[in-house]
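Content type CSV, C-alpha atoms, from the file run-v7.csv:
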```
chain,number,residue,atom,x,y,z
A,10,MET,CA,-10.0,-7.2,14.1
A,11,THR,CA,-13.6,-8.2,13.4
A,12,TRP,CA,-15.0,-10.1,10.5
A,13,ALA,CA,-17.5,-7.3,9.9
A,14,LEU,CA,-14.6,-4.9,9.3
A,15,VAL,CA,-12.9,-7.4,7.0
A,16,ILE,CA,-16.0,-7.7,4.9
A,17,VAL,CA,-17.0,-4.0,4.8
A,18,LEU,CA,-13.4,-3.1,3.9
A,19,ALA,CA,-13.2,-5.7,1.1
A,20,LEU,CA,-16.5,-4.4,-0.3
A,21,GLY,CA,-15.4,-0.8,0.0
A,22,ALA,CA,-12.0,-1.3,-1.5
A,23,TYR,CA,-13.5,-3.2,-4.4
A,24,ALA,CA,-16.1,-0.5,-4.9
A,25,PHE,CA,-13.4,2.1,-5.6
A,26,LYS,CA,-11.6,-0.1,-8.1
A,27,VAL,CA,-14.8,-1.2,-9.9
A,28,THR,CA,-16.2,2.3,-10.0
A,29,GLY,CA,-13.2,3.6,-11.8
A,30,LEU,CA,-12.6,0.7,-14.1
A,31,VAL,CA,-16.2,-0.4,-15.0
A,32,PHE,CA,-18.7,2.2,-14.2
A,33,LEU,CA,-17.0,5.6,-14.9
A,34,GLY,CA,-14.6,4.1,-17.4
A,35,GLY,CA,-12.6,6.4,-19.6
A,36,ARG,CA,-13.7,9.7,-18.0
A,37,SER,CA,-11.1,11.8,-16.3
A,38,LEU,CA,-11.4,13.7,-13.0
A,39,PRO,CA,-10.8,17.4,-12.6
A,40,PRO,CA,-7.0,18.0,-12.3
A,41,ILE,CA,-7.3,19.5,-8.9
A,42,LEU,CA,-9.1,16.5,-7.5
A,43,GLU,CA,-6.7,14.1,-9.1
A,44,ARG,CA,-3.8,16.1,-7.6
A,45,CYS,CA,-5.3,15.8,-4.1
A,46,LEU,CA,-6.1,12.1,-4.4
A,47,ALA,CA,-2.5,11.4,-5.6
A,48,LEU,CA,-1.3,13.0,-2.3
A,49,ILE,CA,-3.3,10.8,0.0
A,50,PRO,CA,-0.7,8.0,0.4
A,51,ALA,CA,2.1,10.5,1.3
A,52,ALA,CA,-0.1,12.3,3.9
A,53,VAL,CA,-1.7,9.2,5.4
A,54,ILE,CA,1.2,6.8,5.4
A,55,SER,CA,3.5,9.2,7.1
A,56,ALA,CA,0.9,9.8,9.7
A,57,LEU,CA,0.8,6.0,10.2
A,58,VAL,CA,4.6,6.0,10.6
A,59,VAL,CA,4.2,8.5,13.4
A,60,LYS,CA,1.3,6.6,15.0
A,61,ASP,CA,3.0,3.3,15.0
A,62,THR,CA,6.3,4.6,16.1
A,63,LEU,CA,5.6,7.4,18.6
A,64,THR,CA,2.2,6.7,20.2
A,65,ALA,CA,0.6,4.2,22.5
A,66,GLY,CA,-3.1,4.7,22.6
A,67,GLN,CA,-3.5,8.5,23.1
A,68,ASP,CA,-0.1,9.0,24.6
A,69,ILE,CA,3.0,10.2,22.8
A,70,VAL,CA,5.8,7.9,23.8
A,71,PHE,CA,9.5,7.5,22.9
A,72,ASP,CA,10.6,3.9,23.2
A,73,ALA,CA,12.6,1.2,21.4
A,74,ARG,CA,10.4,1.5,18.3
A,75,ALA,CA,11.8,5.0,17.7
A,76,ALA,CA,15.3,3.6,17.4
A,77,GLY,CA,14.1,0.8,15.2
A,78,ILE,CA,12.3,3.1,12.8
A,79,ALA,CA,15.2,5.6,12.7
A,80,ALA,CA,17.3,2.7,11.5
A,81,ALA,CA,14.7,1.7,9.0
A,82,ALA,CA,14.5,5.2,7.6
A,83,LEU,CA,18.2,5.4,7.3
A,84,ALA,CA,18.1,2.1,5.3
A,85,ALA,CA,15.3,3.5,3.1
A,86,TRP,CA,17.3,6.7,2.5
A,87,ARG,CA,20.4,4.6,1.5
A,88,ARG,CA,18.1,2.7,-0.9
A,89,TRP,CA,18.8,-0.6,0.7
A,90,PRO,CA,16.5,-3.5,-0.3
A,91,LEU,CA,13.0,-3.6,1.2
A,92,ILE,CA,13.8,-6.7,3.3
A,93,VAL,CA,16.7,-4.9,4.9
A,94,VAL,CA,14.5,-1.9,5.8
A,95,ILE,CA,11.9,-4.1,7.5
A,96,VAL,CA,14.3,-6.5,9.2
A,97,LEU,CA,16.6,-3.7,10.4
A,98,GLY,CA,13.5,-1.9,11.9
A,99,ALA,CA,12.4,-5.1,13.8
A,100,VAL,CA,15.9,-6.2,14.9
A,101,VAL,CA,17.0,-2.7,16.2
A,102,THR,CA,13.7,-2.4,18.0
A,103,ALA,CA,14.1,-5.8,19.6
A,104,LEU,CA,17.8,-5.1,20.6
A,105,VAL,CA,17.0,-1.7,22.2
A,106,ARG,CA,14.0,-3.2,24.0
A,107,ARG,CA,16.2,-6.1,25.3
A,108,PHE,CA,19.4,-4.2,26.2
A,109,GLY,CA,18.4,-0.5,26.1
B,22,MET,CA,-5.2,-14.7,-33.8
B,23,ALA,CA,-1.6,-15.2,-32.6
B,24,LYS,CA,0.7,-17.0,-35.0
B,25,ARG,CA,3.0,-19.4,-33.3
B,26,ASP,CA,6.1,-18.9,-35.4
B,27,GLY,CA,7.1,-15.6,-36.9
B,28,GLY,CA,4.5,-13.0,-37.8
B,29,ASP,CA,3.7,-9.9,-35.7
B,30,HIS,CA,2.3,-11.7,-32.7
B,31,VAL,CA,5.0,-14.0,-31.1
B,32,THR,CA,4.0,-15.9,-28.0
B,33,TRP,CA,4.0,-13.2,-25.3
B,34,TRP,CA,6.7,-14.7,-23.1
B,35,ARG,CA,9.1,-14.9,-26.0
B,36,ASP,CA,8.4,-11.3,-27.0
B,37,PRO,CA,11.7,-9.4,-26.5
B,38,ASP,CA,9.7,-6.1,-25.9
B,39,LEU,CA,8.1,-7.7,-22.9
B,40,ARG,CA,11.3,-9.1,-21.3
B,41,PRO,CA,12.1,-6.0,-19.3
B,42,MET,CA,8.5,-6.0,-17.9
B,43,ILE,CA,8.8,-9.6,-16.9
B,44,LEU,CA,12.1,-9.1,-15.2
B,45,ALA,CA,10.8,-5.9,-13.4
B,46,CYS,CA,7.7,-7.8,-12.3
B,47,LEU,CA,9.8,-10.7,-10.8
B,48,THR,CA,11.8,-8.2,-8.8
B,49,LEU,CA,8.7,-6.5,-7.7
B,50,SER,CA,7.2,-9.9,-6.7
B,51,ALA,CA,10.0,-10.5,-4.3
B,52,ALA,CA,9.3,-7.1,-2.6
B,53,VAL,CA,5.6,-7.7,-2.6
B,54,GLY,CA,6.2,-11.2,-1.0
B,55,VAL,CA,8.3,-9.5,1.8
B,56,PHE,CA,5.6,-6.9,2.3
B,57,GLY,CA,2.9,-9.6,2.5
B,58,PHE,CA,5.0,-11.5,5.0
B,59,SER,CA,5.4,-8.4,7.2
B,60,PHE,CA,1.7,-7.7,6.9
B,61,GLY,CA,0.9,-11.3,8.0
B,62,VAL,CA,3.3,-11.1,10.9
B,63,GLY,CA,2.2,-7.6,12.0
B,64,SER,CA,-1.5,-8.4,11.6
B,65,VAL,CA,-1.4,-11.4,13.9
B,66,ALA,CA,0.8,-9.4,16.3
B,67,ALA,CA,-2.0,-6.7,16.4
B,68,GLY,CA,-4.6,-9.3,17.3
B,69,SER,CA,-6.1,-10.5,14.0
B,70,SER,CA,-6.6,-14.3,13.5
B,71,VAL,CA,-4.7,-16.1,10.7
B,72,ALA,CA,-7.9,-16.5,8.8
B,73,GLN,CA,-8.8,-12.8,9.1
B,74,THR,CA,-5.3,-11.8,8.0
B,75,CYS,CA,-5.5,-14.0,4.9
B,76,ALA,CA,-9.0,-12.9,4.1
B,77,LEU,CA,-7.8,-9.3,4.1
B,78,SER,CA,-5.1,-10.0,1.6
B,79,LEU,CA,-7.3,-12.2,-0.6
B,80,PHE,CA,-10.3,-9.8,-0.8
B,81,VAL,CA,-9.1,-6.3,0.0
B,82,PHE,CA,-5.8,-6.7,-1.9
B,83,THR,CA,-4.6,-3.1,-1.4
B,84,GLY,CA,-1.5,-3.2,0.8
B,85,ALA,CA,-1.6,0.2,2.5
B,86,SER,CA,-5.3,0.0,3.3
B,87,GLN,CA,-4.9,-3.4,4.9
B,88,PHE,CA,-1.9,-2.2,7.0
B,89,SER,CA,-3.8,0.9,8.0
B,90,ALA,CA,-7.0,-0.9,9.1
B,91,VAL,CA,-5.1,-3.5,11.2
B,92,SER,CA,-2.8,-0.9,12.7
B,93,VAL,CA,-5.8,1.3,13.9
B,94,ILE,CA,-7.8,-1.6,15.2
B,95,GLY,CA,-4.7,-3.1,17.0
B,96,ALA,CA,-4.2,0.3,18.8
B,97,GLY,CA,-7.8,0.2,20.0
B,98,GLY,CA,-9.4,2.4,17.4
B,99,SER,CA,-13.0,2.2,16.5
B,100,PHE,CA,-14.6,0.3,13.5
B,101,GLY,CA,-15.3,3.7,11.8
B,102,SER,CA,-11.9,5.2,12.1
B,103,ALA,CA,-10.2,2.0,11.0
B,104,LEU,CA,-12.5,1.7,8.0
B,105,GLY,CA,-12.2,5.5,7.2
B,106,GLY,CA,-8.5,5.5,7.1
B,107,ALA,CA,-8.3,2.3,5.0
B,108,LEU,CA,-10.8,3.6,2.5
B,109,LEU,CA,-9.0,6.9,2.1
B,110,LEU,CA,-6.0,4.9,1.1
B,111,ALA,CA,-8.1,2.7,-1.2
B,112,ALA,CA,-9.6,5.7,-3.1
B,113,ARG,CA,-6.6,6.1,-5.4
B,114,ASN,CA,-7.4,2.7,-6.9
B,115,GLY,CA,-10.5,4.4,-8.4
B,116,VAL,CA,-8.2,6.8,-10.2
B,117,TYR,CA,-6.1,4.0,-11.5
B,118,GLY,CA,-9.3,2.3,-12.6
B,119,LEU,CA,-10.2,5.3,-14.7
B,120,ALA,CA,-6.8,5.2,-16.3
B,121,MET,CA,-7.0,1.4,-16.9
B,122,SER,CA,-10.5,1.3,-18.3
B,123,ARG,CA,-9.2,2.9,-21.5
B,124,ARG,CA,-6.4,0.4,-21.8
B,125,LEU,CA,-8.2,-2.9,-21.1
B,126,ASP,CA,-10.4,-4.8,-23.5
B,127,GLY,CA,-12.7,-7.6,-22.7
B,128,SER,CA,-16.1,-8.6,-21.4
B,129,LEU,CA,-17.8,-7.3,-18.3
B,130,GLY,CA,-16.8,-10.4,-16.4
B,131,ARG,CA,-13.2,-9.9,-17.4
B,132,ARG,CA,-13.3,-6.3,-16.3
B,133,LEU,CA,-14.9,-7.1,-13.0
B,134,LEU,CA,-11.9,-9.5,-12.4
B,135,ALA,CA,-9.4,-6.8,-13.6
B,136,ALA,CA,-10.9,-4.4,-11.1
B,137,GLN,CA,-9.6,-6.5,-8.1
B,138,LEU,CA,-6.1,-6.3,-9.6
B,139,THR,CA,-6.2,-2.5,-10.2
B,140,ILE,CA,-3.5,-1.2,-7.8
B,141,ASP,CA,-0.4,1.0,-7.9
B,142,GLU,CA,1.9,-1.7,-9.3
B,143,THR,CA,-0.3,-3.1,-12.0
B,144,THR,CA,-1.3,0.3,-13.3
B,145,ALA,CA,2.3,1.5,-13.3
B,146,MET,CA,3.6,-1.5,-15.2
B,147,SER,CA,0.8,-1.4,-17.7
B,148,VAL,CA,1.0,2.3,-18.6
B,149,ALA,CA,4.8,2.0,-18.9
B,150,GLN,CA,4.3,-0.3,-22.0
B,151,SER,CA,4.5,1.3,-25.5
B,152,ASP,CA,1.4,-0.2,-27.0
B,153,ARG,CA,-2.1,-1.4,-26.0
B,154,ARG,CA,-1.5,-5.1,-26.4
B,155,HIS,CA,1.7,-5.0,-24.3
B,156,GLY,CA,0.0,-2.8,-21.8
B,157,GLN,CA,-2.7,-5.4,-21.3
B,158,ILE,CA,-0.3,-8.3,-21.0
B,159,ALA,CA,1.7,-6.3,-18.4
B,160,PHE,CA,-1.4,-5.6,-16.4
B,161,TRP,CA,-2.6,-9.2,-16.2
B,162,PHE,CA,0.9,-10.7,-15.7
B,163,THR,CA,1.8,-8.3,-12.9
B,164,GLY,CA,-1.6,-8.6,-11.3
B,165,VAL,CA,-1.7,-12.4,-11.2
B,166,THR,CA,2.0,-12.6,-10.1
B,167,LEU,CA,1.6,-10.1,-7.4
B,168,TYR,CA,-1.7,-11.5,-6.2
B,169,LEU,CA,0.0,-14.9,-5.7
B,170,PHE,CA,3.1,-13.5,-3.9
B,171,TRP,CA,1.1,-11.1,-1.7
B,172,ASN,CA,-1.2,-13.9,-0.5
B,173,THR,CA,1.6,-16.5,-0.1
B,174,GLY,CA,3.7,-14.0,1.8
B,175,THR,CA,0.7,-13.1,4.0
B,176,LEU,CA,0.0,-16.7,4.9
B,177,ILE,CA,3.6,-17.5,5.8
B,178,GLY,CA,3.8,-14.3,7.8
B,179,ALA,CA,0.6,-15.0,9.7
B,180,LEU,CA,1.7,-18.5,10.6
B,181,THR,CA,5.1,-17.2,11.6
B,182,GLY,CA,3.7,-14.4,13.7
B,183,SER,CA,1.3,-16.7,15.5
B,184,ALA,CA,4.2,-19.1,16.4
B,185,ILE,CA,6.5,-16.6,18.1
B,186,ASP,CA,6.3,-13.7,20.6
B,187,PRO,CA,6.1,-10.5,18.5
B,188,GLN,CA,7.5,-8.2,21.2
B,189,THR,CA,10.7,-10.3,21.6
B,190,PHE,CA,11.6,-10.1,18.0
B,191,GLY,CA,10.5,-6.5,17.5
B,192,LEU,CA,7.8,-7.5,15.1
B,193,ASP,CA,5.6,-4.7,16.3
B,194,ALA,CA,8.1,-2.5,14.4
B,195,ALA,CA,7.4,-4.4,11.2
B,196,PHE,CA,4.4,-2.2,10.5
B,197,PRO,CA,6.0,1.2,10.9
B,198,ALA,CA,9.1,-0.1,9.1
B,199,GLY,CA,6.8,-1.2,6.2
B,200,PHE,CA,5.2,2.2,6.2
B,201,VAL,CA,8.6,3.8,6.0
B,202,ALA,CA,9.4,1.6,3.0
B,203,MET,CA,6.1,2.5,1.3
B,204,VAL,CA,6.3,6.2,1.8
B,205,TRP,CA,9.9,6.8,1.0
B,206,PRO,CA,9.7,6.4,-2.8
B,207,LEU,CA,6.8,9.0,-2.8
B,208,LEU,CA,9.0,11.7,-1.3
B,209,SER,CA,11.0,12.4,-4.4
B,210,ASP,CA,8.2,14.8,-5.3
B,211,ARG,CA,8.3,18.2,-3.5
B,212,ARG,CA,4.5,18.5,-3.0
B,213,ALA,CA,4.4,14.9,-1.7
B,214,ARG,CA,7.1,15.8,0.8
B,215,LEU,CA,5.1,18.7,2.0
B,216,ALA,CA,1.9,16.5,2.3
B,217,ALA,CA,3.9,13.9,4.2
B,218,ALA,CA,5.4,16.4,6.7
B,219,LEU,CA,2.0,17.9,7.2
B,220,GLY,CA,0.3,14.6,7.7
B,221,ALA,CA,2.8,13.5,10.3
B,222,LEU,CA,2.5,16.8,12.1
B,223,ILE,CA,-1.3,16.6,12.1
B,224,CYS,CA,-1.1,13.1,13.6
B,225,LEU,CA,1.3,14.2,16.3
B,226,ALA,CA,-0.7,17.2,17.2
B,227,SER,CA,-4.1,15.4,17.4
B,228,VAL,CA,-3.1,12.1,19.0
B,229,SER,CA,-3.7,13.0,22.6
B,230,ILE,CA,-6.9,15.1,22.0
B,231,THR,CA,-8.8,12.8,19.6
B,232,PRO,CA,-9.9,9.1,19.9
B,233,VAL,CA,-7.4,6.5,18.6
B,234,GLY,CA,-7.6,6.3,14.8
B,235,VAL,CA,-9.0,9.7,14.2
B,236,PRO,CA,-5.5,11.4,13.7
B,237,ILE,CA,-5.1,9.1,10.7
B,238,LEU,CA,-8.3,10.5,9.2
B,239,LEU,CA,-7.3,14.1,10.0
B,240,SER,CA,-3.9,13.6,8.4
B,241,ALA,CA,-5.7,13.3,5.0
B,242,LEU,CA,-6.3,17.1,5.3
B,243,ALA,CA,-2.7,17.5,4.3
B,244,VAL,CA,-3.7,16.6,0.7
B,245,LEU,CA,-5.1,20.2,0.5
B,246,VAL,CA,-1.5,21.2,-0.5
B,247,GLY,CA,-2.7,19.8,-3.9
B,248,LEU,CA,-5.1,22.7,-4.3
B,249,GLN,CA,-2.2,24.8,-5.4
B,250,ARG,CA,-1.3,24.5,-9.1
B,251,PRO,CA,2.0,22.8,-9.8
B,252,VAL,CA,4.6,25.6,-10.5
B,253,ASP,CA,6.8,23.7,-12.9
B,254,GLY,CA,3.9,21.9,-14.7
B,255,ALA,CA,5.2,18.6,-13.3
B,256,VAL,CA,2.7,15.7,-13.3
B,257,VAL,CA,1.9,14.9,-9.7
B,258,ALA,CA,-0.4,12.0,-10.3
B,259,ARG,CA,1.5,8.7,-10.6
```
Would you mind writing the file out in structure tokens?
Amino acid sequence: MTWALVIVLALGAYAFKVTGLVFLGGRSLPPILERCLALIPAAVISALVVKDTLTAGQDIVFDARAAGIAAAALAAWRRWPLIVVIVLGAVVTALVRRFG
Amino acid sequence: MAKRDGGDHVTWWRDPDLRPMILACLTLSAAVGVFGFSFGVGSVAAGSSVAQTCALSLFVFTGASQFSAVSVIGAGGSFGSALGGALLLAARNGVYGLAMSRRLDGSLGRRLLAAQLTIDETTAMSVAQSDRRHGQIAFWFTGVTLYLFWNTGTLIGALTGSAIDPQTFGLDAAFPAGFVAMVWPLLSDRRARLAAALGALICLASVSITPVGVPILLSALAVLVGLQRPVDGAVVAR
């Protein structure tokens, strides 16, 4: 992480917020654009799950993290509390890494 | 304007109409504190300093974007791909801003401050209120509370993460587990499920043929499933 990225990201993130709230205020976007923007988190966050679970650099790998995240997904599916989802993911990863 | 006893405007924290909002917000705060903690731990584990980690939470204040930037940089991605992925995730706050600008009163200074608090949770809590005044109270109450919890959680997480070996405790899995927890509630919608599956596939297919971080940018192409009109007229935008 570099300070340049911290600063540019802070400015960029604020720019989106302030554009909607202060400068464009009250207008609405074309429905098709609004639908696509609403889908960004689902598309990008699931790609981040894949990246952080199944890849190392440019390689696809299958290691302890896969077991941990499978456990986390099970907990999320069972609607267990957030803390359980995260701790289970970490603990299962650590255990499989240690003893697997 | 507000009368202390009786009258239409009781002090807001005594207003029975706002009690469910305050309770929901406190529950949410606990979750946000946990998220902040896992961000702090994971960010330090991915090579950020404690100060950088805290600066991200203080000044970016958009969970998914922060997680994404740190994750891409930690994996060896470039400045551009880390920034691009994080800004894609920040773009929806612009849509929330559009929705909130109709609902918030106040001077320019107040609106500039409100902008920093315009995120998923504050917008959702505000639009859930039945009238304008309650909507504004909910926005500010949720915003300030979550800001405090997110940043406190981040600080404690960053200090914890720098004190222990992340690999031994599986803390490198804190990020993907956090992403799982973030994406799961979105999947109740059919179109979002499709976008999520497509995003994951795009990432998997492109990871070995593109530089680190680029698959995250490419995954955003999955939003094109939104071009198709909703068949049942369901509202997709949250």
Per residue of chain A within 7 Å of chain B, what are the shortest atom pair and its distance in Å to one decimal, counting only C-alpha atoms, with rows by chain and residue number, as CSV?
```
residue,atom,partner,partner_atom,distance
A:Met10,CA,B:Ser69,CA,5.1
A:Trp12,CA,B:Gln73,CA,6.9
A:Leu14,CA,B:Phe100,CA,6.7
A:Val15,CA,B:Leu77,CA,6.2
A:Leu18,CA,B:Leu104,CA,6.4
A:Ala19,CA,B:Val81,CA,4.3
A:Gly21,CA,B:Leu108,CA,6.8
A:Ala22,CA,B:Ala111,CA,5.6
A:Tyr23,CA,B:Gln137,CA,6.3
A:Phe25,CA,B:Gly115,CA,4.6
A:Lys26,CA,B:Gly115,CA,4.6
A:Val27,CA,B:Ala136,CA,5.2
A:Thr28,CA,B:Gly115,CA,6.3
A:Gly29,CA,B:Gly118,CA,4.2
A:Leu30,CA,B:Gly118,CA,4.0
A:Val31,CA,B:Arg132,CA,6.7
A:Leu33,CA,B:Leu119,CA,6.8
A:Gly34,CA,B:Ser122,CA,5.0
A:Gly35,CA,B:Arg123,CA,5.2
A:Arg36,CA,B:Leu119,CA,6.5
A:Ser37,CA,B:Leu119,CA,6.8
A:Ile41,CA,B:Leu248,CA,6.0
A:Glu43,CA,B:Ala258,CA,6.7
A:Arg44,CA,B:Gly247,CA,5.3
A:Cys45,CA,B:Gly247,CA,4.8
A:Leu46,CA,B:Arg113,CA,6.1
A:Ala47,CA,B:Ala258,CA,5.2
A:Leu48,CA,B:Val244,CA,5.3
A:Ile49,CA,B:Val244,CA,5.9
A:Pro50,CA,B:Leu110,CA,6.2
A:Ala51,CA,B:Ala217,CA,4.8
A:Ala52,CA,B:Ala217,CA,4.3
A:Val53,CA,B:Ala241,CA,5.7
A:Ile54,CA,B:Phe200,CA,6.1
A:Ser55,CA,B:Ala221,CA,5.4
A:Ala56,CA,B:Ala221,CA,4.2
A:Leu57,CA,B:Ile237,CA,6.7
A:Val58,CA,B:Pro197,CA,5.0
A:Val59,CA,B:Ala221,CA,6.0
A:Asp61,CA,B:Pro197,CA,5.5
A:Thr62,CA,B:Pro197,CA,6.2
A:Gly66,CA,B:Ala96,CA,5.9
A:Gln67,CA,B:Ser229,CA,4.5
A:Asp68,CA,B:Ser229,CA,5.7
A:Arg74,CA,B:Ala194,CA,6.0
A:Gly77,CA,B:Ala194,CA,6.9
A:Ile78,CA,B:Ala198,CA,5.8
A:Ala81,CA,B:Ala198,CA,5.9
A:Ala82,CA,B:Val201,CA,6.3
A:Ala85,CA,B:Ala202,CA,6.2
A:Leu91,CA,B:Ala52,CA,6.4
A:Ile92,CA,B:Val55,CA,6.4
A:Val94,CA,B:Ala198,CA,6.6
A:Ile95,CA,B:Ala198,CA,5.1
A:Gly98,CA,B:Ala198,CA,5.5
A:Ala99,CA,B:Gly191,CA,4.4
A:Val100,CA,B:Gly191,CA,6.0
A:Thr102,CA,B:Gly191,CA,5.2
A:Ala103,CA,B:Gly191,CA,4.2
```
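Picture a line from atom CA of Val62 of chain B to atom CA of Ile185 of chain B; it runs 9.6 Å.
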Quiz item: Any idea what's packed within 12 Å of Cys46 of chain B, counting all atoms listed in the file, ignoring anything in its chain fewer than 5 positions away? Could you give it as number ranges by chain?
Solution: B: 39-41, 51-54, 142-143, 145-147, 158-168, 170
Quiz item: Any idea what the distance is between atom CA of Trp171 of chain B and atom CA of Leu20 of chain A?
Solution: 18.9 Å
Exercise. Considering all atoms listed in the file, return as a ChimeraX atom specification whatever protein or nucleic-acid residues lie within 8 Å of Ala73 of chain A, sequence-local ones (same chain, fewer than 2 positions apart) excluded.
Key: /A:71,75-77,101-103,105-106,109
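Atom pair atom CA of Val70 of chain A / atom CA of Arg87 of chain A: separated by 26.9 Å.
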